[in-house]
Amino acid sequence: MREKVLVLDFGSQYTQLIARRTRELGVYSEIKPYNTATDEIKKDPPGAIILSGGPSSVWEDGSPRVDGEILSLGIPVLGICYGLQVLVFQLGGEVERSEKREYGPAVLNLVTEDLLFSGVEKTSGVWMSHGDRVLRVPEGFTAIADTENTECAAVRNAGGNIYGVQFHPEVVHTEFGARMLSNFLFQVAGLGGNWTAGSFIEHSIHDIRERVGNGKIICGLSGGVDSSVAAALINEAVGRRLYCIFVDTGCMRLDEAQEVCDAFSEFEMNFIHVDASERFLSHLEGVEDPETKRKIMGEQFVRVFEEEAEKISDVRFLAQGTLYPDVIESVSVKGPSAVIKSHHNVGGLPEKMNLEIVEPLRELFKDEVRNVGKALELPSSLIGRHPFPGPGLAIRIMGEVTRERLSILRHADSIFIDELKKSGAYDEIWQAFCVFIPVKTVGVMGDERTYENVCALRAVSSTDGMTADWSKISYDLLGKISVRIINEVKGINRVVYDISTKPPGTIEWQ
Ligand code: XMP
């Protein structure tokens with residue numbers, strides 16, 4: 001059975017980080033809501049449980065509690081921040097209510113030797129973010145570290161399998177945080193730490209074969225990293241029973257369709273390339289409204305996909321490149337959010353097509369997907385790619401999408417990306433692209449007056465696309481990109497740089 005750590009989420013902004021850190025240490029981790037029932041946990045028992053922090057106070061009415069039985073299963077538990085407080089409170093210790101938050105660095109002082117602190121210096125920097133604090137430990141517990149503000153900065157039970165820390169070991173500002181997590185996983189919980197891209201691939205191939213049997217699978221390939229890795233993985237598992245459908249919407253970047261076809265021609269697989277650009281572009285004719293464009297792209301995509309799928313008989317499964325951040329059942333996610341943009345991806349297909357969904361990457365984060373892609377020997381040009389939206393350049397052209405505008409945007413975009421790659425900045429940036437703004441401004445080129453369109457450069461840093469900051473590209477590089485675009489791209493005579501963050505902006509302009 002695969003070894004794993006269960007992270008019970010009390011709503012902390014750092015919950016995903018805890019899961020990330022344990023995976024970086026080679027132990028597979030899953031996030032579940034704090035109120036996950038013990039019976040469910042027992043079905044697939046984890047090797048250790050971590051209780052995350054959270055914004056609540058144990059004194060608030062209805063504040064979250066852990067199912068007490070979990071603490072008596074004999075599974076090692078580590079409570080972090082609110083996770084510590086809830087442990088202490090539920091086990092009969094005392095938690096002091098405080099309106100004042102302690103936020104930022106503190107000095108941790110070890111008061112006794114402990115497995116959790118093996119290799120940790122007697123005093124070290126930790127990161128705090130809490131209001132309430134532990135005044136008295138429950139019976140059978142000992143305080144094993146303190147800070148100036150609290151005598152119970154870390155506690156442990158007599159059995160040595162339940163721990164709690166007030167600070168956040170998962171953040172980089174906690175000097176020995178990774179060491180403490182590693183001590184908890186390997187020394188306290190005795191885990192092995194053999195979760196790697198290779199072991200993931202092995203498990204997945206086995207699971208996909210079991211699930212799919214002799215059935216056929218179709219997979220929508222966009223050329224992006226997620227669907228490419230999913231396809232390559234399933235191809236390893238079922239070979240010719242996988243049919244990959246790549247729909248060229250006519251709104252791809254320069255040479256993109258060819259690059260995708262080339263990358264996949266290396267694999268022995270059923271690769272179906274549908275050039276549907278005429279169809280997409282004719283449906284987009286005269287359309288200016290962003291939501292209408294998205295709807296049209298989404299609908300045509302489904303149509304083309306269905307038509308192709310019908311040509312393959314007896315298909316039972318549909319593969320998707322869904323990732324872990326999309327599926328986490330987290331209390332941090334409060335209800336359905338407002339529709340800002342109707343995203344189009346192959347997610348719209350299943351209800352209509354009545355197929356069973358196969359999502360081999362639903363346990364992974366983006367960089368883990370990239371590691372799996374590397375292990376599957378996908379070309380690095382495909383693996384390191386920035387995300388690209390399903391509707392493609394159609395939502396990066398403000399107003400109507402025309403062939404001429406597409407061609408201008410493709411050209412400008414290729415210069416931007418080329419310069420970012422040459423300077424080494426590309427891999428540091430989450431996503432970069434050009435936006436076509438059909439606003440004419442006056443310029444002068446040589447002795448000629450020009451009256452052309454504006455091109456906006458957009459480059460952001462982000463971890464999951466949910467929030468983003470604009471990338472601090474050097475002025476020199478921005479200058480070089482601007483000069484090249486204005487000189488080389490007919491139809492653009494002005495380049496601007498977008499310095500909006502998300503929120504309140506979004507990454508794409510439409
Ligand atoms: P926004 O613009 O919402 O984008 O801040 C967040 C991330 O999602 C990508 N994006 C899409 N991806 N279909 C997709 O597959 C879409 O319709 C779509 N719209 C935006 C965007 O490129 C960014 O990475």
# chains A, B, ... in the order shown; residues from 1 in each chain; ligands from 1
>>> select_by_dssp(residues="region 180-307 of chain A", states="alpha helix (DSSP H)", output="ChimeraX atom specification")
/A:180-182,197-212,225-238,256-265,277-284,290-307
>>> residues_near_ligand(ligand="ligand 1", cutoff="10 Å", atoms="only C-alpha atoms and all ligand atoms", output="JSON list (two decimals) with all heavy atoms, in the first residue's frame")
[["chain", "number", "residue", "atom", "x", "y", "z"],
["A", 222, "SER", "N", -4.19, 19.65, -25.72],
["A", 222, "SER", "CA", -4.14, 21.06, -26.11],
["A", 222, "SER", "C", -2.71, 21.46, -26.44],
["A", 222, "SER", "O", -2.47, 22.53, -26.97],
["A", 222, "SER", "CB", -4.63, 21.91, -24.94],
["A", 222, "SER", "OG", -3.71, 21.79, -23.87],
["A", 224, "GLY", "N", -0.69, 21.85, -24.02],
["A", 224, "GLY", "CA", -0.25, 22.36, -22.72],
["A", 224, "GLY", "C", 0.36, 21.21, -21.93],
["A", 224, "GLY", "O", 0.19, 20.04, -22.29],
["A", 291, "GLU", "N", -17.30, 37.26, -23.45],
["A", 291, "GLU", "CA", -18.00, 36.05, -23.01],
["A", 291, "GLU", "C", -18.57, 35.28, -24.20],
["A", 291, "GLU", "O", -18.56, 34.05, -24.23],
["A", 291, "GLU", "CB", -19.13, 36.41, -22.03],
["A", 291, "GLU", "CG", -18.69, 36.43, -20.58],
["A", 291, "GLU", "CD", -18.07, 35.11, -20.09],
["A", 291, "GLU", "OE1", -18.79, 34.14, -19.86],
["A", 291, "GLU", "OE2", -16.82, 35.08, -19.97],
["A", 294, "ARG", "N", -15.78, 33.31, -25.77],
["A", 294, "ARG", "CA", -15.46, 32.12, -24.97],
["A", 294, "ARG", "C", -16.49, 31.02, -25.20],
["A", 294, "ARG", "O", -16.15, 29.86, -25.34],
["A", 294, "ARG", "CB", -15.45, 32.48, -23.49],
["A", 294, "ARG", "CG", -14.20, 33.16, -23.07],
["A", 294, "ARG", "CD", -14.32, 33.65, -21.64],
["A", 294, "ARG", "NE", -13.02, 34.09, -21.19],
["A", 294, "ARG", "CZ", -12.09, 33.28, -20.69],
["A", 294, "ARG", "NH1", -12.34, 32.01, -20.51],
["A", 294, "ARG", "NH2", -10.92, 33.74, -20.35],
["A", 295, "LYS", "N", -17.78, 31.42, -25.22],
["A", 295, "LYS", "CA", -18.85, 30.43, -25.41],
["A", 295, "LYS", "C", -18.70, 29.76, -26.77],
["A", 295, "LYS", "O", -18.84, 28.55, -26.90],
["A", 295, "LYS", "CB", -20.22, 31.11, -25.30],
["A", 295, "LYS", "CG", -20.52, 31.66, -23.93],
["A", 295, "LYS", "CD", -21.48, 30.76, -23.17],
["A", 295, "LYS", "CE", -21.40, 30.92, -21.66],
["A", 295, "LYS", "NZ", -21.81, 32.24, -21.18],
["A", 297, "MET", "N", -15.99, 29.45, -28.63],
["A", 297, "MET", "CA", -14.81, 28.57, -28.65],
["A", 297, "MET", "C", -15.13, 27.26, -27.94],
["A", 297, "MET", "O", -14.84, 26.17, -28.43],
["A", 297, "MET", "CB", -13.62, 29.23, -27.94],
["A", 297, "MET", "CG", -13.09, 30.48, -28.57],
["A", 297, "MET", "SD", -12.31, 30.23, -30.17],
["A", 297, "MET", "CE", -10.78, 29.44, -29.74],
["A", 298, "GLY", "N", -15.74, 27.37, -26.75],
["A", 298, "GLY", "CA", -16.06, 26.18, -25.95],
["A", 298, "GLY", "C", -16.99, 25.25, -26.72],
["A", 298, "GLY", "O", -16.76, 24.04, -26.80],
["A", 339, "VAL", "N", -18.96, 33.72, -11.21],
["A", 339, "VAL", "CA", -18.35, 33.44, -12.51],
["A", 339, "VAL", "C", -17.71, 34.72, -13.04],
["A", 339, "VAL", "O", -18.39, 35.68, -13.36],
["A", 339, "VAL", "CB", -19.39, 32.92, -13.52],
["A", 339, "VAL", "CG1", -18.75, 32.75, -14.90],
["A", 339, "VAL", "CG2", -19.97, 31.61, -13.04],
["A", 340, "ILE", "N", -16.38, 34.73, -13.05],
["A", 340, "ILE", "CA", -15.67, 35.90, -13.55],
["A", 340, "ILE", "C", -15.52, 35.73, -15.07],
["A", 340, "ILE", "O", -15.75, 36.63, -15.85],
["A", 340, "ILE", "CB", -14.27, 36.03, -12.91],
["A", 340, "ILE", "CG1", -14.36, 35.91, -11.39],
["A", 340, "ILE", "CG2", -13.60, 37.33, -13.33],
["A", 340, "ILE", "CD1", -15.00, 37.07, -10.66],
["A", 341, "LYS", "N", -15.12, 34.52, -15.43],
["A", 341, "LYS", "CA", -14.97, 34.20, -16.86],
["A", 341, "LYS", "C", -15.41, 32.75, -16.99],
["A", 341, "LYS", "O", -15.09, 31.94, -16.13],
["A", 341, "LYS", "CB", -13.50, 34.26, -17.27],
["A", 341, "LYS", "CG", -12.86, 35.60, -17.11],
["A", 341, "LYS", "CD", -11.38, 35.50, -17.35],
["A", 341, "LYS", "CE", -10.74, 36.86, -17.06],
["A", 341, "LYS", "NZ", -9.32, 36.86, -17.29],
["A", 342, "SER", "N", -16.14, 32.42, -18.05],
["A", 342, "SER", "CA", -16.49, 31.01, -18.20],
["A", 342, "SER", "C", -15.33, 30.29, -18.86],
["A", 342, "SER", "O", -15.12, 30.42, -20.06],
["A", 342, "SER", "CB", -17.78, 30.84, -18.99],
["A", 342, "SER", "OG", -17.81, 31.77, -20.03],
["A", 343, "HIS", "N", -14.54, 29.62, -18.05],
["A", 343, "HIS", "CA", -13.37, 28.91, -18.58],
["A", 343, "HIS", "C", -13.79, 27.79, -19.50],
["A", 343, "HIS", "O", -14.73, 27.07, -19.22],
["A", 343, "HIS", "CB", -12.54, 28.33, -17.43],
["A", 343, "HIS", "CG", -11.59, 29.33, -16.87],
["A", 343, "HIS", "ND1", -10.38, 29.00, -16.37],
["A", 343, "HIS", "CD2", -11.69, 30.67, -16.74],
["A", 343, "HIS", "CE1", -9.76, 30.09, -15.96],
["A", 343, "HIS", "NE2", -10.56, 31.11, -16.16],
["A", 344, "HIS", "N", -13.06, 27.69, -20.58],
["A", 344, "HIS", "CA", -13.35, 26.55, -21.45],
["A", 344, "HIS", "C", -12.19, 25.59, -21.40],
["A", 344, "HIS", "O", -11.05, 25.95, -21.58],
["A", 344, "HIS", "CB", -13.62, 27.03, -22.88],
["A", 344, "HIS", "CG", -12.85, 26.29, -23.93],
["A", 344, "HIS", "ND1", -12.03, 26.93, -24.80],
["A", 344, "HIS", "CD2", -12.77, 24.98, -24.21],
["A", 344, "HIS", "CE1", -11.48, 26.04, -25.60],
["A", 344, "HIS", "NE2", -11.89, 24.85, -25.26],
["A", 345, "ASN", "N", -12.48, 24.36, -21.06],
["A", 345, "ASN", "CA", -11.52, 23.28, -21.28],
["A", 345, "ASN", "C", -12.37, 22.05, -21.55],
["A", 345, "ASN", "O", -13.59, 22.15, -21.65],
["A", 345, "ASN", "CB", -10.55, 23.11, -20.11],
["A", 345, "ASN", "CG", -11.28, 22.95, -18.80],
["A", 345, "ASN", "OD1", -12.37, 22.39, -18.77],
["A", 345, "ASN", "ND2", -10.69, 23.46, -17.74],
["A", 346, "VAL", "N", -11.76, 20.88, -21.65],
["A", 346, "VAL", "CA", -12.57, 19.71, -22.01],
["A", 346, "VAL", "C", -13.51, 19.30, -20.88],
["A", 346, "VAL", "O", -14.27, 18.37, -21.02],
["A", 346, "VAL", "CB", -11.69, 18.52, -22.46],
["A", 346, "VAL", "CG1", -11.21, 18.74, -23.87],
["A", 346, "VAL", "CG2", -10.55, 18.31, -21.51],
["A", 347, "GLY", "N", -13.50, 20.04, -19.77],
["A", 347, "GLY", "CA", -14.38, 19.75, -18.65],
["A", 347, "GLY", "C", -15.85, 19.78, -19.03],
["A", 347, "GLY", "O", -16.69, 19.19, -18.36],
["A", 386, "HIS", "N", 4.53, 27.82, -20.52],
["A", 386, "HIS", "CA", 3.58, 28.59, -19.71],
["A", 386, "HIS", "C", 2.17, 28.09, -20.00],
["A", 386, "HIS", "O", 1.90, 27.61, -21.10],
["A", 386, "HIS", "CB", 3.66, 30.07, -20.10],
["A", 386, "HIS", "CG", 4.93, 30.73, -19.69],
["A", 386, "HIS", "ND1", 5.26, 32.02, -20.05],
["A", 386, "HIS", "CD2", 5.96, 30.30, -18.92],
["A", 386, "HIS", "CE1", 6.43, 32.35, -19.52],
["A", 386, "HIS", "NE2", 6.87, 31.32, -18.84],
["A", 387, "PRO", "N", 1.25, 28.24, -19.05],
["A", 387, "PRO", "CA", -0.14, 27.86, -19.31],
["A", 387, "PRO", "C", -0.70, 28.65, -20.50],
["A", 387, "PRO", "O", -0.30, 29.79, -20.72],
["A", 387, "PRO", "CB", -0.87, 28.26, -18.04],
["A", 387, "PRO", "CG", 0.16, 28.47, -17.00],
["A", 387, "PRO", "CD", 1.43, 28.80, -17.70],
["A", 388, "PHE", "N", -1.60, 28.02, -21.22],
["A", 388, "PHE", "CA", -2.23, 28.69, -22.36],
["A", 388, "PHE", "C", -3.73, 28.39, -22.28],
["A", 388, "PHE", "O", -4.13, 27.24, -22.14],
["A", 388, "PHE", "CB", -1.62, 28.14, -23.65],
["A", 388, "PHE", "CG", -2.07, 28.87, -24.89],
["A", 388, "PHE", "CD1", -1.79, 30.21, -25.07],
["A", 388, "PHE", "CD2", -2.78, 28.20, -25.88],
["A", 388, "PHE", "CE1", -2.19, 30.89, -26.21],
["A", 388, "PHE", "CE2", -3.19, 28.87, -27.03],
["A", 388, "PHE", "CZ", -2.89, 30.22, -27.20],
["A", 389, "PRO", "N", -4.57, 29.41, -22.35],
["A", 389, "PRO", "CA", -6.01, 29.17, -22.15],
["A", 389, "PRO", "C", -6.64, 28.45, -23.35],
["A", 389, "PRO", "O", -6.20, 28.63, -24.49],
["A", 389, "PRO", "CB", -6.57, 30.58, -22.01],
["A", 389, "PRO", "CG", -5.62, 31.44, -22.77],
["A", 389, "PRO", "CD", -4.27, 30.82, -22.62],
["A", 390, "GLY", "N", -7.67, 27.66, -23.06],
["A", 390, "GLY", "CA", -8.39, 26.94, -24.13],
["A", 390, "GLY", "C", -8.79, 27.85, -25.29],
["A", 390, "GLY", "O", -8.56, 27.52, -26.45],
["A", 391, "PRO", "N", -9.38, 29.03, -25.03],
["A", 391, "PRO", "CA", -9.81, 29.88, -26.16],
["A", 391, "PRO", "C", -8.63, 30.56, -26.88],
["A", 391, "PRO", "O", -8.84, 31.25, -27.87],
["A", 391, "PRO", "CB", -10.69, 30.94, -25.50],
["A", 391, "PRO", "CG", -10.98, 30.46, -24.12],
["A", 391, "PRO", "CD", -9.86, 29.56, -23.74],
["A", 392, "GLY", "N", -7.44, 30.39, -26.33],
["A", 392, "GLY", "CA", -6.24, 30.85, -27.03],
["A", 392, "GLY", "C", -6.20, 32.33, -27.31],
["A", 392, "GLY", "O", -6.65, 33.16, -26.51],
["A", 395, "ILE", "N", -8.99, 35.35, -26.85],
["A", 395, "ILE", "CA", -9.27, 36.22, -25.70],
["A", 395, "ILE", "C", -8.09, 37.16, -25.41],
["A", 395, "ILE", "O", -8.07, 37.85, -24.39],
["A", 395, "ILE", "CB", -9.64, 35.40, -24.44],
["A", 395, "ILE", "CG1", -8.58, 34.34, -24.12],
["A", 395, "ILE", "CG2", -11.02, 34.78, -24.60],
["A", 395, "ILE", "CD1", -8.69, 33.79, -22.72],
["A", 396, "ARG", "N", -7.11, 37.13, -26.33],
["A", 396, "ARG", "CA", -6.00, 38.09, -26.18],
["A", 396, "ARG", "C", -6.08, 39.15, -27.28],
["A", 396, "ARG", "O", -5.19, 39.99, -27.40],
["A", 396, "ARG", "CB", -4.66, 37.36, -26.25],
["A", 396, "ARG", "CG", -4.48, 36.45, -25.03],
["A", 396, "ARG", "CD", -3.21, 35.69, -25.04],
["A", 396, "ARG", "NE", -3.12, 34.88, -23.84],
["A", 396, "ARG", "CZ", -2.17, 33.97, -23.62],
["A", 396, "ARG", "NH1", -1.22, 33.78, -24.53],
["A", 396, "ARG", "NH2", -2.17, 33.28, -22.52],
["A", 430, "TRP", "N", 5.58, 32.82, -14.47],
["A", 430, "TRP", "CA", 4.48, 31.84, -14.51],
["A", 430, "TRP", "C", 3.84, 31.82, -15.90],
["A", 430, "TRP", "O", 3.56, 30.79, -16.47],
["A", 430, "TRP", "CB", 3.45, 32.21, -13.44],
["A", 430, "TRP", "CG", 2.07, 31.65, -13.65],
["A", 430, "TRP", "CD1", 1.05, 32.26, -14.31],
["A", 430, "TRP", "CD2", 1.58, 30.38, -13.21],
["A", 430, "TRP", "NE1", -0.06, 31.44, -14.29],
["A", 430, "TRP", "CE2", 0.24, 30.28, -13.62],
["A", 430, "TRP", "CE3", 2.14, 29.32, -12.51],
["A", 430, "TRP", "CZ2", -0.54, 29.17, -13.36],
["A", 430, "TRP", "CZ3", 1.35, 28.21, -12.23],
["A", 430, "TRP", "CH2", 0.03, 28.14, -12.66],
["A", 431, "GLN", "N", 3.62, 33.03, -16.44],
["A", 431, "GLN", "CA", 2.95, 33.13, -17.72],
["A", 431, "GLN", "C", 3.25, 34.48, -18.35],
["A", 431, "GLN", "O", 3.24, 35.50, -17.66],
["A", 431, "GLN", "CB", 1.44, 33.03, -17.49],
["A", 431, "GLN", "CG", 0.63, 32.70, -18.70],
["A", 431, "GLN", "CD", -0.83, 32.43, -18.33],
["A", 431, "GLN", "OE1", -1.23, 32.61, -17.20],
["A", 431, "GLN", "NE2", -1.59, 31.99, -19.29],
["A", 432, "ALA", "N", 3.55, 34.49, -19.63],
["A", 432, "ALA", "CA", 3.82, 35.75, -20.33],
["A", 432, "ALA", "C", 3.20, 35.69, -21.71],
["A", 432, "ALA", "O", 3.20, 34.64, -22.35],
["A", 432, "ALA", "CB", 5.32, 35.99, -20.44],
["A", 433, "PHE", "N", 2.66, 36.82, -22.16],
["A", 433, "PHE", "CA", 2.04, 36.85, -23.48],
["A", 433, "PHE", "C", 1.78, 38.28, -23.92],
["A", 433, "PHE", "O", 1.91, 39.20, -23.11],
["A", 433, "PHE", "CB", 0.72, 36.06, -23.49],
["A", 433, "PHE", "CG", -0.26, 36.46, -22.42],
["A", 433, "PHE", "CD1", -1.19, 37.47, -22.63],
["A", 433, "PHE", "CD2", -0.25, 35.83, -21.18],
["A", 433, "PHE", "CE1", -2.10, 37.84, -21.65],
["A", 433, "PHE", "CE2", -1.16, 36.19, -20.17],
["A", 433, "PHE", "CZ", -2.09, 37.20, -20.42],
["A", 460, "VAL", "N", 3.42, 37.55, -15.52],
["A", 460, "VAL", "CA", 3.08, 37.48, -14.10],
["A", 460, "VAL", "C", 3.81, 36.36, -13.37],
["A", 460, "VAL", "O", 4.19, 35.35, -13.97],
["A", 460, "VAL", "CB", 1.55, 37.26, -13.89],
["A", 460, "VAL", "CG1", 0.76, 38.44, -14.39],
["A", 460, "VAL", "CG2", 1.07, 35.97, -14.54],
["A", 462, "SER", "N", 3.17, 33.70, -10.21],
["A", 462, "SER", "CA", 2.02, 33.13, -9.53],
["A", 462, "SER", "C", 2.39, 31.72, -9.12],
["A", 462, "SER", "O", 3.38, 31.17, -9.61],
["A", 462, "SER", "CB", 0.83, 33.10, -10.50],
["A", 462, "SER", "OG", -0.27, 32.45, -9.92],
["A", 464, "ASP", "N", -0.43, 29.37, -8.64],
["A", 464, "ASP", "CA", -1.52, 28.54, -9.12],
["A", 464, "ASP", "C", -2.47, 29.30, -10.05],
["A", 464, "ASP", "O", -3.51, 28.77, -10.42],
["A", 464, "ASP", "CB", -2.33, 27.99, -7.93],
["A", 464, "ASP", "CG", -2.72, 29.11, -6.96],
["A", 464, "ASP", "OD1", -2.60, 30.30, -7.35],
["A", 464, "ASP", "OD2", -3.14, 28.82, -5.85],
["A", 465, "GLY", "N", -2.12, 30.52, -10.40],
["A", 465, "GLY", "CA", -2.98, 31.30, -11.30],
["A", 465, "GLY", "C", -4.15, 31.97, -10.59],
["A", 465, "GLY", "O", -4.87, 32.76, -11.18],
["A", 466, "MET", "N", -4.33, 31.66, -9.29],
["A", 466, "MET", "CA", -5.47, 32.25, -8.57],
["A", 466, "MET", "C", -5.17, 33.69, -8.16],
["A", 466, "MET", "O", -6.05, 34.55, -8.14],
["A", 466, "MET", "CB", -5.79, 31.45, -7.30],
["A", 466, "MET", "CG", -6.14, 30.01, -7.56],
["A", 466, "MET", "SD", -7.60, 29.85, -8.59],
["A", 466, "MET", "CE", -8.87, 30.37, -7.46],
["A", 467, "THR", "N", -3.93, 33.92, -7.77],
["A", 467, "THR", "CA", -3.48, 35.28, -7.51],
["A", 467, "THR", "C", -2.20, 35.47, -8.31],
["A", 467, "THR", "O", -1.54, 34.49, -8.65],
["A", 467, "THR", "CB", -3.14, 35.50, -6.01],
["A", 467, "THR", "OG1", -2.15, 34.55, -5.65],
["A", 467, "THR", "CG2", -4.35, 35.34, -5.13],
["A", 468, "ALA", "N", -1.88, 36.70, -8.64],
["A", 468, "ALA", "CA", -0.68, 36.91, -9.45],
["A", 468, "ALA", "C", -0.13, 38.31, -9.24],
["A", 468, "ALA", "O", -0.88, 39.26, -8.96],
["A", 468, "ALA", "CB", -1.00, 36.71, -10.92],
["A", 501, "THR", "N", -2.06, 43.69, -10.76],
["A", 501, "THR", "CA", -1.98, 42.42, -10.04],
["A", 501, "THR", "C", -3.34, 41.72, -10.14],
["A", 501, "THR", "O", -4.34, 42.34, -10.52],
["A", 501, "THR", "CB", -1.68, 42.65, -8.55],
["A", 501, "THR", "OG1", -2.67, 43.55, -8.05],
["A", 501, "THR", "CG2", -0.31, 43.26, -8.34],
["A", 502, "LYS", "N", -3.37, 40.44, -9.79],
["A", 502, "LYS", "CA", -4.65, 39.72, -9.68],
["A", 502, "LYS", "C", -4.81, 39.29, -8.24],
["A", 502, "LYS", "O", -3.94, 38.58, -7.75],
["A", 502, "LYS", "CB", -4.64, 38.50, -10.58],
["A", 502, "LYS", "CG", -5.87, 37.60, -10.36],
["A", 502, "LYS", "CD", -5.85, 36.36, -11.20],
["A", 502, "LYS", "CE", -7.10, 35.54, -10.91],
["A", 502, "LYS", "NZ", -7.24, 34.37, -11.74],
["A", 503, "PRO", "N", -5.88, 39.54, -7.53],
["A", 503, "PRO", "CA", -6.84, 40.56, -7.87],
["A", 503, "PRO", "C", -6.23, 41.96, -7.68],
["A", 503, "PRO", "O", -5.19, 42.02, -7.08],
["A", 503, "PRO", "CB", -7.97, 40.30, -6.85],
["A", 503, "PRO", "CG", -7.28, 39.73, -5.66],
["A", 503, "PRO", "CD", -6.10, 38.99, -6.18],
["A", 504, "PRO", "N", -6.85, 42.98, -8.12],
["A", 504, "PRO", "CA", -8.18, 43.06, -8.71],
["A", 504, "PRO", "C", -8.21, 42.78, -10.22],
["A", 504, "PRO", "O", -9.28, 42.59, -10.79],
["A", 504, "PRO", "CB", -8.60, 44.50, -8.45],
["A", 504, "PRO", "CG", -7.32, 45.25, -8.43],
["A", 504, "PRO", "CD", -6.27, 44.32, -7.92],
["A", 505, "GLY", "N", -7.06, 42.74, -10.90],
["A", 505, "GLY", "CA", -7.09, 42.41, -12.33],
["A", 505, "GLY", "C", -7.21, 40.90, -12.49],
["A", 505, "GLY", "O", -7.32, 40.16, -11.50],
["A", 506, "THR", "N", -7.23, 40.41, -13.71],
["A", 506, "THR", "CA", -7.08, 38.98, -13.96],
["A", 506, "THR", "C", -5.83, 38.83, -14.81],
["A", 506, "THR", "O", -5.28, 39.82, -15.28],
["A", 506, "THR", "CB", -8.31, 38.38, -14.69],
["A", 506, "THR", "OG1", -8.55, 39.13, -15.87],
["A", 506, "THR", "CG2", -9.53, 38.40, -13.81],
["A", 507, "ILE", "N", -5.39, 37.59, -15.01],
["A", 507, "ILE", "CA", -4.16, 37.40, -15.78],
["A", 507, "ILE", "C", -4.43, 37.70, -17.25],
["A", 507, "ILE", "O", -3.78, 38.54, -17.86],
["A", 507, "ILE", "CB", -3.60, 35.97, -15.58],
["A", 507, "ILE", "CG1", -3.20, 35.76, -14.11],
["A", 507, "ILE", "CG2", -2.40, 35.73, -16.51],
["A", 507, "ILE", "CD1", -2.71, 34.38, -13.75],
["A", 508, "GLU", "N", -5.40, 37.00, -17.82],
["A", 508, "GLU", "CA", -5.80, 37.30, -19.20],
["A", 508, "GLU", "C", -6.58, 38.61, -19.19],
["A", 508, "GLU", "O", -7.13, 39.00, -18.16],
["A", 508, "GLU", "CB", -6.70, 36.18, -19.75],
["A", 508, "GLU", "CG", -6.08, 34.78, -19.71],
["A", 508, "GLU", "CD", -4.99, 34.59, -20.75],
["A", 508, "GLU", "OE1", -4.88, 35.42, -21.67],
["A", 508, "GLU", "OE2", -4.24, 33.61, -20.64],
["A", 509, "TRP", "N", -6.65, 39.23, -20.35],
["A", 509, "TRP", "CA", -7.40, 40.50, -20.40],
["A", 509, "TRP", "C", -8.89, 40.26, -20.63],
["A", 509, "TRP", "O", -9.70, 41.17, -20.46],
["A", 509, "TRP", "CB", -6.82, 41.39, -21.52],
["A", 509, "TRP", "CG", -5.62, 42.17, -21.04],
["A", 509, "TRP", "CD1", -4.65, 41.74, -20.17],
["A", 509, "TRP", "CD2", -5.27, 43.51, -21.40],
["A", 509, "TRP", "NE1", -3.73, 42.73, -19.99],
["A", 509, "TRP", "CE2", -4.07, 43.82, -20.73],
["A", 509, "TRP", "CE3", -5.84, 44.46, -22.24],
["A", 509, "TRP", "CZ2", -3.44, 45.06, -20.86],
["A", 509, "TRP", "CZ3", -5.21, 45.69, -22.37],
["A", 509, "TRP", "CH2", -4.03, 45.98, -21.68],
["A", 510, "GLN", "N", -9.25, 39.07, -21.09],
["A", 510, "GLN", "CA", -10.69, 38.81, -21.29],
["A", 510, "GLN", "C", -11.06, 37.48, -20.66],
["A", 510, "GLN", "O", -10.24, 36.60, -20.53],
["A", 510, "GLN", "CB", -11.01, 38.75, -22.78],
["A", 510, "GLN", "CG", -10.88, 40.09, -23.46],
["A", 510, "GLN", "CD", -11.57, 40.12, -24.80],
["A", 510, "GLN", "OE1", -11.69, 39.11, -25.47],
["A", 510, "GLN", "NE2", -12.01, 41.29, -25.20]]
>>> closest_residue(among="A:Thr402, A:Ser182, A:Ser63, A:Gln320", to="Arg362 (chain A)", atoms="only C-alpha atoms")
A:Gln320
>>> closest_residue(among="A:Leu91, A:Ile408, A:Leu323, A:Leu116", to="Met180 (chain A)", atoms="only C-alpha atoms")
A:Leu116
>>> residues_around(residues="region 435-438 of chain A", least_positions_apart="2", cutoff="6 Å", atoms="only C-alpha atoms", output="PyMOL selection string")
chain A and resi 396-398+453-456
>>> closest_residue(among="A:Cys244, A:Leu361, A:Ala276, A:Val315", to="Gln300 (chain A)", atoms="only C-alpha atoms")
A:Ala276
>>> closest_residue(among="A:Pro55, A:Gly192, A:Gly198, A:Pro325", to="Glu363 (chain A)", atoms="only C-alpha atoms")
A:Pro325
